[in-house]
Each structure stands twice: as structure tokens, then as C-alpha cells.
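These notes are about the structure you will find just below.
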Amino acid sequence: MEWLVWVGAAVSLAGLLGLVWCIVTAMRARRAGLEDAELRARLQRVVVVNMGALFLSVIGLMVVVIGIMLG
């Protein structure tokens, strides 16, 4: 079941990269000096991606734990 650990680690890494993308995008949006409505619209899109990235990270970590328990 070692492959399960590596697959889970890759999925968690993809989720982590998604979180880093969210942070960078949110910081760029804040620095752009946008009006309130446009800033909210951009950040709402970032929140959706953020939730997906968190979900992906959690699923990956669960797969790692399952791989360790079965291995």
C-alpha cells in the first residue's frame, strides 16, 4: 500500500498549491486598489477555489493515513 501513501501525498500537494494560489491571488487583488464591489467579486471567486483546495488537501491526507494504516 505504499503507492497509496504517494498518491495521497501528491493530492495533498496539489491542494497546497491551490492554497498558495489563493493567497497570491487575494494579495494581488487587495494591492490593485479596486472598488469595493469588484474586490468582493474577485475574492468570492478565490473563496470557491480555496474551499476546493482545502477539500483536496484533506482528502489527500486521509488517503495517506489510510495507506499507512493498511501498509
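Residues are referred to by chain and number: the chain letter is A, B, ... according to the order shown in the C-alpha cells, the number counts from 1 in that chain, and ligands are numbered separately from 1 in the order shown.
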Selection near Leu17 of chain A, 12 Å with only C-alpha atoms, sequence-local residues under 2 positions removed, as a PyMOL selection string: chain A and resi 10-15+19-24+49-50+52-54+56-57
Mind checking which residues fall within 12 Å of Arg42 of chain A, counting only C-alpha atoms, ignoring those fewer than 2 positions away in the same chain, and posting them as a ChimeraX atom specification? /A:22,25-30,32,34-40,44-49
Could you please determine the separation between atom CA of Gly71 of chain A and atom CA of Phe55 of chain A in Å, to one decimal place? 24.1 Å
List the spatial neighbours of segment 64-70 of chain A as a ChimeraX atom specification - criterion: any atom at most 12 Å away, only C-alpha atoms, same-chain residues fewer than 3 positions off excluded. /A:1-13,57-61
Convert the current residue selection to file output with C-alpha atoms, as a PDB file, in the first residue's frame.
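Contents of selection.pdb, freshly written:
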```
ATOM      1  CA  MET A   1       0.000   0.000   0.000  1.00  0.00           C
ATOM      2  CA  GLU A   2       2.986   2.280  -0.334  1.00  0.00           C
ATOM      3  CA  TRP A   3       1.573   3.622  -3.594  1.00  0.00           C
ATOM      4  CA  LEU A   4      -1.496   4.823  -1.692  1.00  0.00           C
ATOM      5  CA  VAL A   5       0.709   6.987   0.517  1.00  0.00           C
ATOM      6  CA  TRP A   6       2.411   8.537  -2.516  1.00  0.00           C
ATOM      7  CA  VAL A   7      -0.898   9.176  -4.292  1.00  0.00           C
ATOM      8  CA  GLY A   8      -2.268  10.816  -1.148  1.00  0.00           C
ATOM      9  CA  ALA A   9       0.851  12.945  -0.806  1.00  0.00           C
ATOM     10  CA  ALA A  10       0.508  14.102  -4.418  1.00  0.00           C
ATOM     11  CA  VAL A  11      -3.150  15.010  -3.907  1.00  0.00           C
ATOM     12  CA  SER A  12      -2.288  16.907  -0.722  1.00  0.00           C
ATOM     13  CA  LEU A  13       0.480  18.744  -2.552  1.00  0.00           C
ATOM     14  CA  SER A  57      -5.765  18.639   0.852  1.00  0.00           C
ATOM     15  CA  VAL A  58      -7.949  16.884   3.403  1.00  0.00           C
ATOM     16  CA  ILE A  59      -8.785  14.047   1.024  1.00  0.00           C
ATOM     17  CA  GLY A  60      -5.081  13.599   0.253  1.00  0.00           C
ATOM     18  CA  LEU A  61      -4.170  13.463   3.919  1.00  0.00           C
TER      19      LEU A  61
END
```
